[in-house]
Every structure is written in C-alpha cells, then in structure tokens.
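As provided, upload-v2.txt (compact mmCIF, C-alpha atoms and all ligand atoms) reads as follows.
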# COMPACT_ATOMS: atom_id res chain seq x y z
CA MET A 1 -48.04 -64.56 17.85
CA ILE A 2 -50.97 -62.47 16.70
CA VAL A 3 -52.44 -59.32 18.13
CA ILE A 4 -56.17 -59.27 17.55
CA MET A 5 -57.55 -55.75 17.52
CA GLN A 6 -61.05 -54.92 18.69
CA GLN A 7 -63.73 -54.62 16.04
CA GLY A 8 -63.53 -51.16 14.50
CA SER A 9 -60.36 -50.14 16.33
CA PRO A 10 -59.07 -46.91 14.78
CA ARG A 11 -55.94 -46.73 12.67
CA VAL A 12 -53.95 -44.85 15.34
CA GLU A 13 -54.31 -47.78 17.73
CA ILE A 14 -53.27 -50.26 15.08
CA ASP A 15 -50.29 -48.08 14.14
CA ALA A 16 -49.19 -47.85 17.78
CA VAL A 17 -49.11 -51.64 18.01
CA ILE A 18 -47.14 -51.88 14.76
CA GLU A 19 -44.66 -49.27 15.97
CA GLU A 20 -44.07 -51.20 19.17
CA ILE A 21 -43.53 -54.43 17.22
CA ASP A 22 -40.89 -52.65 15.13
CA ARG A 23 -39.29 -51.10 18.21
CA LEU A 24 -38.84 -54.55 19.77
CA GLY A 25 -37.03 -55.71 16.63
CA PHE A 26 -39.84 -57.94 15.32
CA ARG A 27 -41.58 -57.67 12.00
CA SER A 28 -45.25 -56.80 11.84
CA HIS A 29 -47.67 -58.37 9.43
CA PRO A 30 -51.01 -56.56 9.57
CA ILE A 31 -54.05 -58.14 7.98
CA TYR A 32 -56.78 -55.55 7.59
CA GLY A 33 -59.86 -57.77 7.55
CA VAL A 34 -63.45 -56.78 6.89
CA GLU A 35 -64.43 -57.31 10.53
CA ARG A 36 -61.25 -56.54 12.39
CA THR A 37 -57.53 -56.13 12.02
CA VAL A 38 -55.11 -58.78 13.11
CA VAL A 39 -51.43 -57.96 13.42
CA GLY A 40 -49.01 -60.84 13.11
CA VAL A 41 -45.69 -60.56 14.91
CA ILE A 42 -42.75 -62.29 13.24
CA GLY A 43 -39.57 -63.15 15.08
CA ASP A 44 -38.02 -65.44 17.66
CA ASN A 45 -39.61 -65.76 21.09
CA THR A 46 -42.41 -63.32 20.38
CA ARG A 47 -44.41 -65.20 23.00
CA ASP A 48 -42.35 -63.52 25.74
CA HIS A 49 -44.14 -60.31 24.83
CA LEU A 50 -47.66 -61.67 24.79
CA GLU A 51 -48.84 -59.87 27.89
CA HIS A 52 -47.04 -56.66 27.01
CA PHE A 53 -49.28 -56.15 23.98
CA GLU A 54 -52.44 -56.86 25.89
CA HIS A 55 -52.08 -53.45 27.55
CA PHE A 56 -52.26 -51.50 24.32
CA ASP A 57 -55.39 -49.52 23.48
CA GLY A 58 -57.68 -51.29 21.08
CA VAL A 59 -56.16 -54.72 21.61
CA GLU A 60 -58.71 -57.44 22.25
CA ARG A 61 -56.48 -60.49 22.64
CA VAL A 62 -52.97 -61.65 21.99
CA LEU A 63 -52.53 -65.29 21.00
CA PRO A 64 -49.65 -67.55 20.12
CA ILE A 65 -49.96 -69.15 16.68
CA LEU A 66 -49.89 -72.89 17.13
CA GLN A 67 -49.39 -74.00 13.54
CA PRO A 68 -45.78 -73.91 12.33
CA TYR A 69 -46.84 -72.03 9.19
CA LYS A 70 -47.81 -68.84 10.93
CA PHE A 71 -49.09 -66.67 8.11
CA ALA A 72 -49.95 -69.21 5.46
CA GLY A 73 -52.40 -70.82 7.88
CA ARG A 74 -56.01 -70.08 8.71
CA GLU A 75 -55.25 -69.15 12.32
CA VAL A 76 -54.35 -65.57 11.43
CA GLN A 77 -56.65 -65.25 8.46
CA GLN A 78 -59.97 -66.95 8.04
CA GLU A 79 -60.92 -65.23 4.81
CA LYS A 80 -59.61 -66.71 1.58
CA THR A 81 -56.81 -64.79 -0.06
CA THR A 82 -57.60 -63.47 -3.50
CA ILE A 83 -54.84 -62.37 -5.82
CA GLN A 84 -55.10 -59.85 -8.63
CA VAL A 85 -53.10 -60.43 -11.80
CA ASN A 86 -53.66 -57.74 -14.40
CA GLY A 87 -57.33 -57.45 -13.52
CA LEU A 88 -57.87 -61.19 -13.18
CA THR A 89 -58.89 -62.57 -9.79
CA ILE A 90 -57.30 -65.78 -8.53
CA GLY A 91 -59.01 -67.43 -5.58
CA GLY A 92 -62.49 -66.03 -6.27
CA PRO A 93 -65.56 -68.02 -7.32
CA ARG A 94 -64.35 -68.36 -10.90
CA ILE A 95 -61.99 -71.21 -11.80
CA VAL A 96 -58.84 -69.80 -13.43
CA CYS A 97 -57.09 -71.69 -16.22
CA ILE A 98 -53.39 -71.41 -16.95
CA ALA A 99 -52.32 -73.08 -20.18
CA GLY A 100 -49.44 -73.26 -22.60
CA PRO A 101 -46.55 -75.48 -23.54
CA CYS A 102 -44.11 -76.98 -21.08
CA SER A 103 -41.27 -75.03 -22.72
CA VAL A 104 -40.95 -72.02 -24.94
CA GLU A 105 -39.19 -73.71 -27.88
CA SER A 106 -39.33 -71.07 -30.59
CA ARG A 107 -41.32 -67.96 -31.47
CA GLU A 108 -43.44 -69.85 -33.96
CA GLN A 109 -44.18 -72.76 -31.61
CA PHE A 110 -45.07 -70.46 -28.74
CA MET A 111 -47.19 -68.00 -30.69
CA THR A 112 -49.18 -70.79 -32.33
CA THR A 113 -49.95 -72.42 -29.01
CA ALA A 114 -50.58 -69.07 -27.29
CA ARG A 115 -53.24 -68.11 -29.84
CA ALA A 116 -54.85 -71.53 -29.55
CA VAL A 117 -55.15 -71.47 -25.76
CA LYS A 118 -56.47 -67.94 -25.84
CA ASP A 119 -59.12 -68.94 -28.36
CA ALA A 120 -60.11 -71.82 -26.10
CA GLY A 121 -60.60 -69.40 -23.19
CA ALA A 122 -57.46 -69.80 -21.06
CA ASP A 123 -56.81 -66.92 -18.67
CA ILE A 124 -53.04 -67.04 -18.17
CA LEU A 125 -50.32 -68.18 -20.52
CA ARG A 126 -47.53 -70.46 -19.33
CA GLY A 127 -44.19 -71.39 -20.88
CA GLY A 128 -40.91 -72.51 -19.36
CA ALA A 129 -37.73 -70.63 -20.23
CA PHE A 130 -35.56 -72.28 -17.57
CA LYS A 131 -36.32 -75.98 -17.56
CA PRO A 132 -35.31 -78.26 -14.69
CA ARG A 133 -34.54 -81.49 -16.54
CA THR A 134 -33.59 -84.83 -15.03
CA SER A 135 -30.81 -85.19 -17.59
CA PRO A 136 -28.39 -82.31 -18.12
CA TYR A 137 -28.33 -83.29 -21.81
CA SER A 138 -32.04 -82.61 -22.35
CA PHE A 139 -33.37 -79.28 -23.66
CA LYS A 140 -33.01 -76.82 -20.80
CA GLY A 141 -34.95 -73.89 -22.19
CA LEU A 142 -34.23 -70.73 -24.16
CA LYS A 143 -33.48 -68.72 -21.01
CA GLU A 144 -33.92 -64.94 -21.49
CA GLU A 145 -34.78 -65.37 -25.17
CA GLY A 146 -37.68 -67.58 -24.04
CA LEU A 147 -38.86 -64.89 -21.65
CA ARG A 148 -38.76 -62.33 -24.45
CA ILE A 149 -40.98 -64.56 -26.58
CA LEU A 150 -43.29 -64.96 -23.63
CA ALA A 151 -43.55 -61.18 -23.27
CA GLU A 152 -44.24 -60.85 -26.98
CA ALA A 153 -47.08 -63.35 -26.70
CA LYS A 154 -48.44 -61.39 -23.76
CA GLN A 155 -48.44 -58.27 -25.88
CA GLU A 156 -50.26 -59.96 -28.73
CA THR A 157 -52.82 -61.95 -26.75
CA GLY A 158 -53.27 -59.63 -23.78
CA MET A 159 -52.89 -62.61 -21.44
CA PRO A 160 -50.75 -62.44 -18.29
CA VAL A 161 -47.78 -64.80 -18.36
CA VAL A 162 -46.12 -67.16 -15.90
CA ALA A 163 -42.70 -68.82 -16.13
CA GLU A 164 -40.52 -70.79 -13.78
CA VAL A 165 -37.50 -69.29 -12.06
CA MET A 166 -35.02 -71.91 -10.90
CA ASP A 167 -32.57 -69.72 -9.09
CA ALA A 168 -32.55 -66.53 -7.03
CA ARG A 169 -30.28 -65.05 -9.70
CA HIS A 170 -33.11 -65.33 -12.27
CA VAL A 171 -35.62 -63.27 -10.33
CA GLU A 172 -34.53 -59.75 -11.24
CA MET A 173 -34.29 -60.60 -14.93
CA ALA A 174 -37.55 -62.58 -15.09
CA ASP A 175 -39.30 -59.75 -13.29
CA GLN A 176 -39.00 -57.70 -16.48
CA TYR A 177 -41.11 -60.20 -18.42
CA VAL A 178 -43.49 -62.25 -16.25
CA ASP A 179 -46.64 -61.50 -14.27
CA LEU A 180 -46.27 -64.48 -11.94
CA PHE A 181 -43.15 -66.32 -10.86
CA GLN A 182 -43.42 -70.10 -10.90
CA VAL A 183 -41.44 -72.17 -8.43
CA GLY A 184 -41.18 -75.73 -9.68
CA ALA A 185 -41.53 -78.93 -7.69
CA ARG A 186 -37.78 -79.47 -7.61
CA ASN A 187 -37.19 -76.05 -6.12
CA MET A 188 -39.98 -75.97 -3.58
CA GLN A 189 -37.39 -75.99 -0.83
CA ASN A 190 -34.84 -73.71 -2.50
CA PHE A 191 -34.99 -71.36 0.43
CA THR A 192 -32.73 -68.69 -1.08
CA LEU A 193 -35.09 -68.53 -4.07
CA LEU A 194 -38.17 -68.44 -1.86
CA GLU A 195 -36.76 -65.57 0.18
CA GLU A 196 -35.81 -63.66 -2.95
CA LEU A 197 -39.37 -64.06 -4.23
CA GLY A 198 -40.62 -62.92 -0.85
CA ARG A 199 -39.03 -59.58 -1.62
CA ALA A 200 -40.51 -59.40 -5.14
CA ASN A 201 -43.65 -57.50 -6.02
CA LYS A 202 -45.40 -60.17 -8.04
CA PRO A 203 -47.39 -63.26 -7.10
CA VAL A 204 -45.65 -66.61 -6.74
CA PHE A 205 -47.06 -69.84 -8.18
CA LEU A 206 -45.59 -72.42 -5.82
CA LYS A 207 -45.70 -76.07 -6.85
CA ARG A 208 -45.62 -78.89 -4.35
CA GLY A 209 -42.39 -80.85 -4.30
CA MET A 210 -42.78 -84.43 -5.48
CA SER A 211 -41.75 -85.74 -2.07
CA ALA A 212 -43.12 -82.89 0.02
CA THR A 213 -45.87 -83.18 2.59
CA VAL A 214 -48.65 -80.63 2.72
CA GLU A 215 -46.92 -79.14 5.74
CA ASP A 216 -43.64 -78.85 3.81
CA LEU A 217 -45.52 -76.98 1.09
CA LEU A 218 -47.10 -74.60 3.56
CA MET A 219 -43.73 -74.00 5.21
CA ALA A 220 -42.28 -73.15 1.78
CA ALA A 221 -45.09 -70.61 1.34
CA GLU A 222 -44.25 -69.29 4.78
CA TYR A 223 -40.69 -68.57 3.61
CA VAL A 224 -42.07 -66.30 0.90
CA ILE A 225 -44.56 -64.61 3.23
CA SER A 226 -41.94 -64.08 5.93
CA GLU A 227 -40.12 -61.75 3.54
CA GLY A 228 -43.26 -59.74 2.85
CA ASN A 229 -44.89 -61.25 -0.25
CA ARG A 230 -48.28 -62.71 0.62
CA ASN A 231 -49.48 -63.32 -2.91
CA ILE A 232 -48.92 -67.02 -3.28
CA VAL A 233 -50.83 -69.59 -5.28
CA LEU A 234 -50.21 -73.18 -4.19
CA CYS A 235 -50.28 -76.00 -6.71
CA GLU A 236 -50.72 -79.74 -6.29
CA ARG A 237 -48.82 -81.42 -9.14
CA GLY A 238 -48.54 -85.04 -8.08
CA ILE A 239 -46.26 -86.84 -5.68
CA ARG A 240 -44.03 -89.90 -5.91
CA THR A 241 -45.63 -93.15 -4.85
CA PHE A 242 -45.00 -96.82 -5.64
CA GLU A 243 -47.41 -96.55 -8.59
CA THR A 244 -45.76 -96.63 -12.02
CA ALA A 245 -48.83 -96.51 -14.28
CA THR A 246 -48.83 -92.74 -13.96
CA ARG A 247 -45.87 -90.33 -13.93
CA ASN A 248 -46.85 -89.09 -10.47
CA THR A 249 -49.81 -89.73 -8.22
CA LEU A 250 -51.97 -86.63 -8.28
CA ASP A 251 -52.95 -86.14 -4.65
CA VAL A 252 -56.51 -84.92 -5.11
CA SER A 253 -57.14 -85.10 -1.39
CA ALA A 254 -54.39 -82.53 -0.82
CA ILE A 255 -56.67 -79.89 -2.36
CA PRO A 256 -59.36 -79.87 0.35
CA VAL A 257 -56.70 -80.57 2.98
CA ILE A 258 -54.67 -77.50 2.01
CA LYS A 259 -57.77 -75.37 1.74
CA ARG A 260 -58.78 -76.35 5.23
CA LEU A 261 -55.36 -75.43 6.62
CA SER A 262 -54.59 -72.36 4.53
CA HIS A 263 -56.31 -69.28 3.13
CA LEU A 264 -54.14 -69.31 -0.01
CA PRO A 265 -55.61 -70.26 -3.40
CA VAL A 266 -54.92 -73.85 -4.47
CA PHE A 267 -54.43 -74.97 -8.07
CA ALA A 268 -53.89 -78.39 -9.60
CA ASP A 269 -51.62 -79.46 -12.44
CA PRO A 270 -53.19 -82.54 -14.04
CA SER A 271 -50.48 -82.66 -16.74
CA HIS A 272 -47.50 -83.39 -14.49
CA GLY A 273 -49.87 -85.11 -12.08
CA GLY A 274 -50.71 -87.92 -14.47
CA GLY A 275 -48.06 -87.71 -17.17
CA HIS A 276 -50.44 -88.77 -19.98
CA TRP A 277 -52.53 -86.44 -22.11
CA TRP A 278 -55.61 -88.65 -21.82
CA LEU A 279 -55.54 -88.33 -18.04
CA VAL A 280 -55.65 -84.54 -18.12
CA GLU A 281 -59.40 -84.20 -18.59
CA PRO A 282 -60.57 -86.65 -15.90
CA LEU A 283 -57.99 -85.31 -13.43
CA SER A 284 -59.02 -81.73 -14.17
CA PHE A 285 -62.64 -82.57 -13.46
CA ALA A 286 -61.69 -84.36 -10.24
CA CYS A 287 -59.61 -81.43 -9.02
CA VAL A 288 -62.24 -78.81 -9.76
CA ALA A 289 -64.81 -81.00 -8.02
CA ALA A 290 -62.44 -81.28 -5.05
CA GLY A 291 -62.31 -77.49 -4.73
CA ALA A 292 -59.32 -76.38 -6.80
CA ASP A 293 -59.32 -72.65 -7.54
CA GLY A 294 -57.71 -73.23 -10.89
CA LEU A 295 -55.81 -75.51 -13.24
CA MET A 296 -52.43 -75.41 -14.93
CA VAL A 297 -52.53 -77.44 -18.14
CA GLU A 298 -49.78 -78.13 -20.69
CA VAL A 299 -50.83 -77.61 -24.30
CA HIS A 300 -48.65 -77.96 -27.39
CA HIS A 301 -49.69 -77.30 -31.00
CA ASN A 302 -47.91 -80.54 -31.97
CA PRO A 303 -47.14 -82.67 -28.90
CA ARG A 304 -45.31 -85.31 -30.93
CA VAL A 305 -42.43 -82.93 -31.61
CA ALA A 306 -42.42 -81.16 -28.23
CA LEU A 307 -38.96 -80.73 -26.69
CA SER A 308 -40.32 -81.48 -23.23
CA ASP A 309 -43.39 -83.19 -21.80
CA GLY A 310 -45.03 -84.04 -25.15
CA PRO A 311 -46.75 -87.21 -23.84
CA GLN A 312 -48.72 -85.23 -21.27
CA SER A 313 -49.50 -82.22 -23.47
CA LEU A 314 -52.96 -81.66 -24.87
CA THR A 315 -53.47 -80.68 -28.47
CA PRO A 316 -55.34 -77.37 -28.89
CA LYS A 317 -58.39 -79.38 -29.94
CA ASN A 318 -58.39 -81.51 -26.80
CA PHE A 319 -57.76 -78.44 -24.66
CA GLN A 320 -60.76 -76.78 -26.24
CA LYS A 321 -62.85 -79.83 -25.42
CA LEU A 322 -61.70 -79.73 -21.80
CA MET A 323 -62.51 -76.03 -21.57
CA SER A 324 -65.95 -76.50 -23.05
CA ARG A 325 -66.86 -79.11 -20.44
CA LEU A 326 -65.39 -77.31 -17.46
CA PRO A 327 -68.29 -74.90 -16.78
CA GLU A 328 -70.59 -77.82 -16.05
CA ILE A 329 -68.20 -79.32 -13.51
CA ALA A 330 -67.56 -75.91 -11.95
CA ALA A 331 -71.28 -75.24 -11.62
CA ALA A 332 -71.79 -78.56 -9.85
CA VAL A 333 -69.58 -77.31 -7.00
CA ASP A 334 -70.97 -73.75 -7.00
CA ARG A 335 -68.09 -72.28 -8.94
CA SER A 336 -68.11 -70.55 -12.29
CA ARG A 337 -66.07 -70.80 -15.39
C1 LIG B 1 -43.52 -77.42 -15.35
O1 LIG B 1 -44.49 -76.80 -14.94
O2 LIG B 1 -43.20 -77.50 -16.56
C2 LIG B 1 -42.72 -78.22 -14.39
C3 LIG B 1 -41.44 -78.49 -14.61
O3 LIG B 1 -43.46 -78.62 -13.35
P1 LIG B 1 -43.01 -79.33 -11.98
O4 LIG B 1 -42.05 -78.38 -11.34
O5 LIG B 1 -44.29 -79.50 -11.24
O6 LIG B 1 -42.36 -80.65 -12.34
MN MN B 2 -43.60 -79.67 -18.03
Once more with this new file: its structure as structure tokens, please.
Amino acid sequence: MIVIMQQGSPRVEIDAVIEEIDRLGFRSHPIYGVERTVVGVIGDNTRDHLEHFEHFDGVERVLPILQPYKFAGREVQQEKTTIQVNGLTIGGPRIVCIAGPCSVESREQFMTTARAVKDAGADILRGGAFKPRTSPYSFKGLKEEGLRILAEAKQETGMPVVAEVMDARHVEMADQYVDLFQVGARNMQNFTLLEELGRANKPVFLKRGMSATVEDLLMAAEYVISEGNRNIVLCERGIRTFETATRNTLDVSAIPVIKRLSHLPVFADPSHGGGHWWLVEPLSFACVAAGADGLMVEVHHNPRVALSDGPQSLTPKNFQKLMSRLPEIAAAVDRSR
C-alpha cells in the first residue's frame, strides 16, 4: 500500500510514518516528489494496516496498490524516473545511445571500436565479458580480463561502461569495473541475481526476456526495487514469435505500453531485436519515434570476424550514419539528441 502525505507535510511527519512502518516489520519506500511525498509500504498483508496509518499527522490518504508491480508502476510515482550515470542523465529529454561490440574480444578490438563509437557521439560504452551463448562451445567471453579492458577503455574515452552479469556471484567483482549492470534476456527472471543487484549501488539495465510479457518484465524490475535499488533502465530487445525472417520480433508497441505503465526509462535494442545490421537503422528510428529514451546498438570495427553477433553489428561507418540521422527523428517527437 502507499501512504500519501499532504502537500508540504514536514519531514518530522514523514519520518514518524516511516518509523511506524519499520516498527511493524515492513519496509518503507519513500518517494520525495516535487508536490508531495508518497511512502510505499512493502511486505505481506500491509492492507490490514491501511486505517492505522490514516490517523498519523500529515497523512492525506492511504491506498492499496492495485498493480502487481508496486513500485515499478505509475500508481506510486507519476513522474518519470531519471537516472544519473557519471553526469549523464538517462530518462530525460535527450535520447541516450549505448554502443559497442557484443563481446570484449581483445584489447585491440575493444579499444578500436570504443574510439569509433565515441567519435560518432555514443554516450555509454558496452561490451560483454560474460556471454550467455546458446552453445557451450561458443566464445563465452573474457570474464574478468574483459572487464579490465572495459575499464581501460572507460579511462581512455571518459565514457561510462555497461556489461552483463549472468550470475549473482559476478556482481561484487563486476562492481569494481562497470557503471551499469546489464541483465540479459536469458536472465531476466534470475531472481537471485535480481535481488543481488537490488542491493547494489549502481543502475541496472534490465533486458526483456525473449518470452516475457511486459508484466513479467515489470515484475523483474520490482524484484530489484524491492531490495532497495530503484535505478533501473528497461530494455525491449525483441521477443520470440513465429516469424523467422528476423532473429527476434522487436516489439515496438511495448515501448509506449511500458511507458504508460511504468515511470522507469525504456530503451530499445535494435541489434538483437532484428538480428541483421541493415535492420538496425530503421528499427532505431521506429523505437525513438515510439518514445524510447535510448538505444543500445552493437558496433564492431570488423563485423565479419566478430566472435559473437557479427551479422547484426554495425560497422563504425554505419553507426556514424545512424547517429547523424538520429537528431532529426528525435526532434520530430520533441526529444533531443
Ligand atoms: C547482449 O546484449 O549482447 C545480449 C546477449 O543481449 P540479450 O540478453 O538481449 O540477448
Ligand atoms: Mn550480442
């Protein structure tokens, strides 16, 4: 349930409500809004205490939350969440671009691509060090060595970095190197991992599972939030359908749907969404037009020799072309780039 405080209620009244929530063994989740403060109450059967909180000073109303995703949803928070990553704002008017190769393959490969995406104007650098591959015999990433290369590229380019963590046991180690933790489609419902990330102090880039509904995705975000971390970026990356012409079917409609249901920023990944490099540009345009707050795009300095996802990777030249055309599309939907 949520405790809605009166407009301008003083901090002592808010603190008294929070103290009582703690005393009853629930967890409080205050959202200090511009207009008023709303305090979420997390726990089982909080509804039994609905009336109890109505008697507290400064409380305007106490309401049950009807949506199953209590804190990822718009019921508790109307205002869009914005997330700060090393001075960069995610979820604001400006479209944010994450780019880089699918995998960190070597220092030379990564540095070359990192410099190229920076030159083209990307904001955040991506690179997988733990790769979830369909076959156990495929390249599975350089692990910690890959993260070290990622950190080196961050140092040189000044760009924040994101990499996937596949297991709760990776979180502490990856925390030393990355600015955002990526949860891949295959791990969207790895609840141990989600809870571990909920206790981390960095934003989580949460990709939609290939067979997950929008509600499943929001419930996965809820797992992270329930442990205290509210900085989550959601990402539509394509779902499985009967269609075989594309690797996945990028669910463009999920973008406005999620934004209607949730205050969290929503990105799109046109690379995994389509599976072909030539689909990346049109899908990027479609997603920005549909309201995406940002894009995650795979770029490789030589896609033909990439150890993973070469067919869907843009060359630096094609990435530059995409980036040069993006401002026009962004402007058409009152966004900037
Ligand atoms: C990736 O970003 O390289 C990746 C493996 O993506 P997904 O989890 O969406 O398949
Ligand atoms: Mn990939």
Q. Using all atoms listed in the file, what residues lie at most 8 Å away from (-35.1, -61.0, -0.5) (file coordinates), given as number ranges by chain?
A. A: 195-200, 227
Q) Any idea what's packed within 10 Å of Pro30 (chain A), counting all atoms listed in the file, ignoring anything in its chain fewer than 2 positions away? Could you give it as JSON, numbers by chain? A) {"A": [2, 3, 4, 14, 15, 17, 18, 27, 28, 32, 33, 37, 38, 39, 40, 41, 76]}
Restrict the selected residues to C-alpha atoms and save them as a PDB file, in the coordinates of the input.
ATOM      1  CA  ILE A   2     -50.970 -62.470  16.700  1.00  0.00           C
ATOM      2  CA  VAL A   3     -52.440 -59.320  18.130  1.00  0.00           C
ATOM      3  CA  ILE A   4     -56.170 -59.270  17.550  1.00  0.00           C
ATOM      4  CA  ILE A  14     -53.270 -50.260  15.080  1.00  0.00           C
ATOM      5  CA  ASP A  15     -50.290 -48.080  14.140  1.00  0.00           C
ATOM      6  CA  VAL A  17     -49.110 -51.640  18.010  1.00  0.00           C
ATOM      7  CA  ILE A  18     -47.140 -51.880  14.760  1.00  0.00           C
ATOM      8  CA  ARG A  27     -41.580 -57.670  12.000  1.00  0.00           C
ATOM      9  CA  SER A  28     -45.250 -56.800  11.840  1.00  0.00           C
ATOM     10  CA  TYR A  32     -56.780 -55.550   7.590  1.00  0.00           C
ATOM     11  CA  GLY A  33     -59.860 -57.770   7.550  1.00  0.00           C
ATOM     12  CA  THR A  37     -57.530 -56.130  12.020  1.00  0.00           C
ATOM     13  CA  VAL A  38     -55.110 -58.780  13.110  1.00  0.00           C
ATOM     14  CA  VAL A  39     -51.430 -57.960  13.420  1.00  0.00           C
ATOM     15  CA  GLY A  40     -49.010 -60.840  13.110  1.00  0.00           C
ATOM     16  CA  VAL A  41     -45.690 -60.560  14.910  1.00  0.00           C
ATOM     17  CA  VAL A  76     -54.350 -65.570  11.430  1.00  0.00           C
TER      18      VAL A  76
END
Wanna dump the region 233-284 of chain A-region 101-120 of chain A contacts at 12 Å for me, each residue with its shortest atom pair and the distance in Å to one decimal, counting all atoms listed in the file, ordered by chain and number, as JSON lines?
{"residue": "A:Asp269", "atom": "CA", "partner": "A:Cys102", "partner_atom": "CA", "distance": 11.7}
{"residue": "A:Ser271", "atom": "CA", "partner": "A:Cys102", "partner_atom": "CA", "distance": 9.6}
{"residue": "A:His272", "atom": "CA", "partner": "A:Cys102", "partner_atom": "CA", "distance": 9.8}
Q: Compare A:Val96, A:Ala72, A:Val162, A:Leu314 by their minimum atom-to-atom distance to Arg126 (chain A), counting all atoms listed in the file, and give me the closest one.
A: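 That would be A:Val162, the residue with the smallest distance to Arg126 (chain A).
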**Q.** Nearest-residue call for ligand LIG 1 (chain B), choices A:Gly238, A:Pro303, A:Gly184, A:Pro64, using all atoms listed in the file
**A.**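 Closest to ligand LIG 1 (chain B) of all the choices is A:Gly184.
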Q | Contacts to ligand LIG 1 (chain B) at 10 Å cut-off (all atoms listed in the file) as a ChimeraX atom specification | A | /A:100-103,126-133,162-164,166,182-188,206-210,235-239,248,268-273,296-298,308-309
Write the selection just made, keeping C-alpha atoms, as a PDB file, in the coordinates of the input?
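Below is the file that was written, result_6.pdb:
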ATOM      1  CA  GLY A 100     -49.440 -73.260 -22.600  1.00  0.00           C
ATOM      2  CA  PRO A 101     -46.550 -75.480 -23.540  1.00  0.00           C
ATOM      3  CA  CYS A 102     -44.110 -76.980 -21.080  1.00  0.00           C
ATOM      4  CA  SER A 103     -41.270 -75.030 -22.720  1.00  0.00           C
ATOM      5  CA  ARG A 126     -47.530 -70.460 -19.330  1.00  0.00           C
ATOM      6  CA  GLY A 127     -44.190 -71.390 -20.880  1.00  0.00           C
ATOM      7  CA  GLY A 128     -40.910 -72.510 -19.360  1.00  0.00           C
ATOM      8  CA  ALA A 129     -37.730 -70.630 -20.230  1.00  0.00           C
ATOM      9  CA  PHE A 130     -35.560 -72.280 -17.570  1.00  0.00           C
ATOM     10  CA  LYS A 131     -36.320 -75.980 -17.560  1.00  0.00           C
ATOM     11  CA  PRO A 132     -35.310 -78.260 -14.690  1.00  0.00           C
ATOM     12  CA  ARG A 133     -34.540 -81.490 -16.540  1.00  0.00           C
ATOM     13  CA  VAL A 162     -46.120 -67.160 -15.900  1.00  0.00           C
ATOM     14  CA  ALA A 163     -42.700 -68.820 -16.130  1.00  0.00           C
ATOM     15  CA  GLU A 164     -40.520 -70.790 -13.780  1.00  0.00           C
ATOM     16  CA  MET A 166     -35.020 -71.910 -10.900  1.00  0.00           C
ATOM     17  CA  GLN A 182     -43.420 -70.100 -10.900  1.00  0.00           C
ATOM     18  CA  VAL A 183     -41.440 -72.170  -8.430  1.00  0.00           C
ATOM     19  CA  GLY A 184     -41.180 -75.730  -9.680  1.00  0.00           C
ATOM     20  CA  ALA A 185     -41.530 -78.930  -7.690  1.00  0.00           C
ATOM     21  CA  ARG A 186     -37.780 -79.470  -7.610  1.00  0.00           C
ATOM     22  CA  ASN A 187     -37.190 -76.050  -6.120  1.00  0.00           C
ATOM     23  CA  MET A 188     -39.980 -75.970  -3.580  1.00  0.00           C
ATOM     24  CA  LEU A 206     -45.590 -72.420  -5.820  1.00  0.00           C
ATOM     25  CA  LYS A 207     -45.700 -76.070  -6.850  1.00  0.00           C
ATOM     26  CA  ARG A 208     -45.620 -78.890  -4.350  1.00  0.00           C
ATOM     27  CA  GLY A 209     -42.390 -80.850  -4.300  1.00  0.00           C
ATOM     28  CA  MET A 210     -42.780 -84.430  -5.480  1.00  0.00           C
ATOM     29  CA  CYS A 235     -50.280 -76.000  -6.710  1.00  0.00           C
ATOM     30  CA  GLU A 236     -50.720 -79.740  -6.290  1.00  0.00           C
ATOM     31  CA  ARG A 237     -48.820 -81.420  -9.140  1.00  0.00           C
ATOM     32  CA  GLY A 238     -48.540 -85.040  -8.080  1.00  0.00           C
ATOM     33  CA  ILE A 239     -46.260 -86.840  -5.680  1.00  0.00           C
ATOM     34  CA  ASN A 248     -46.850 -89.090 -10.470  1.00  0.00           C
ATOM     35  CA  ALA A 268     -53.890 -78.390  -9.600  1.00  0.00           C
ATOM     36  CA  ASP A 269     -51.620 -79.460 -12.440  1.00  0.00           C
ATOM     37  CA  PRO A 270     -53.190 -82.540 -14.040  1.00  0.00           C
ATOM     38  CA  SER A 271     -50.480 -82.660 -16.740  1.00  0.00           C
ATOM     39  CA  HIS A 272     -47.500 -83.390 -14.490  1.00  0.00           C
ATOM     40  CA  GLY A 273     -49.870 -85.110 -12.080  1.00  0.00           C
ATOM     41  CA  MET A 296     -52.430 -75.410 -14.930  1.00  0.00           C
ATOM     42  CA  VAL A 297     -52.530 -77.440 -18.140  1.00  0.00           C
ATOM     43  CA  GLU A 298     -49.780 -78.130 -20.690  1.00  0.00           C
ATOM     44  CA  SER A 308     -40.320 -81.480 -23.230  1.00  0.00           C
ATOM     45  CA  ASP A 309     -43.390 -83.190 -21.800  1.00  0.00           C
TER      46      ASP A 309
END
Q: Find the distance between CA of Met173 (chain A) and CA of Thr134 (chain A) and write it in Å to one decimal.
A: 24.2 Å
(Q) Using all atoms listed in the file for the distances, tell me which of A:Pro282, A:Gly274, A:Ser336, A:Phe71 is nearest to ligand MN 2 (chain B). (A) A:Gly274
Q. Which of these residues is nearest to ligand MN 2 (chain B), using only C-alpha atoms and all ligand atoms: A:Leu264, A:Leu180, A:Ile232, A:Ala99?
A. A:Ala99
Q) CA of Lys259 (chain A) and CA of Ile21 (chain A) are how many Å apart? A)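 According to the coordinates, CA of Lys259 (chain A) and CA of Ile21 (chain A) are separated by 29.7 Å.
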Q: Give me, please, the distance in Å between CA of Asp123 (chain A) and CA of Val161 (chain A), quoted to one decimal.
A: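 Between these atoms lies a distance of 9.3 Å.
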Q. With distances taken over all atoms listed in the file, which of A:Val224, A:Val165, A:Ile95, A:Leu234 is nearest to Gly291 (chain A)?
A. A:Ile95
Q: Find the spatial neighbours of Asp334 (chain A), counting all atoms listed in the file, within a cut-off of 8 Å - ignore same-chain residues fewer than 3 positions away - and output them as a list in words.
A: Pro93, Ala330 and Ala331 of chain A
Kindly add N, CA, C and O atoms to the incomplete region 321-326 of chain A and provide the output as a tab-separated table (two decimals), in the coordinates of the input.
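Once written, part.tsv looks like this:
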chain	number	residue	atom	x	y	z
A	321	LYS	N	-61.81	-78.92	-25.89
A	321	LYS	CA	-62.85	-79.83	-25.42
A	321	LYS	C	-62.92	-79.78	-23.88
A	321	LYS	O	-63.99	-79.69	-23.29
A	322	LEU	N	-61.74	-79.82	-23.27
A	322	LEU	CA	-61.70	-79.73	-21.80
A	322	LEU	C	-62.36	-78.43	-21.34
A	322	LEU	O	-63.20	-78.43	-20.43
A	323	MET	N	-61.99	-77.33	-21.98
A	323	MET	CA	-62.51	-76.03	-21.57
A	323	MET	C	-64.02	-75.93	-21.76
A	323	MET	O	-64.71	-75.27	-20.98
A	324	SER	N	-64.51	-76.59	-22.80
A	324	SER	CA	-65.95	-76.50	-23.05
A	324	SER	C	-66.76	-77.30	-22.03
A	324	SER	O	-67.92	-77.01	-21.79
A	325	ARG	N	-66.13	-78.29	-21.42
A	325	ARG	CA	-66.86	-79.11	-20.44
A	325	ARG	C	-66.68	-78.63	-19.00
A	325	ARG	O	-67.42	-79.06	-18.11
A	326	LEU	N	-65.71	-77.76	-18.81
A	326	LEU	CA	-65.39	-77.31	-17.46
A	326	LEU	C	-66.52	-76.53	-16.74
A	326	LEU	O	-66.73	-76.73	-15.55
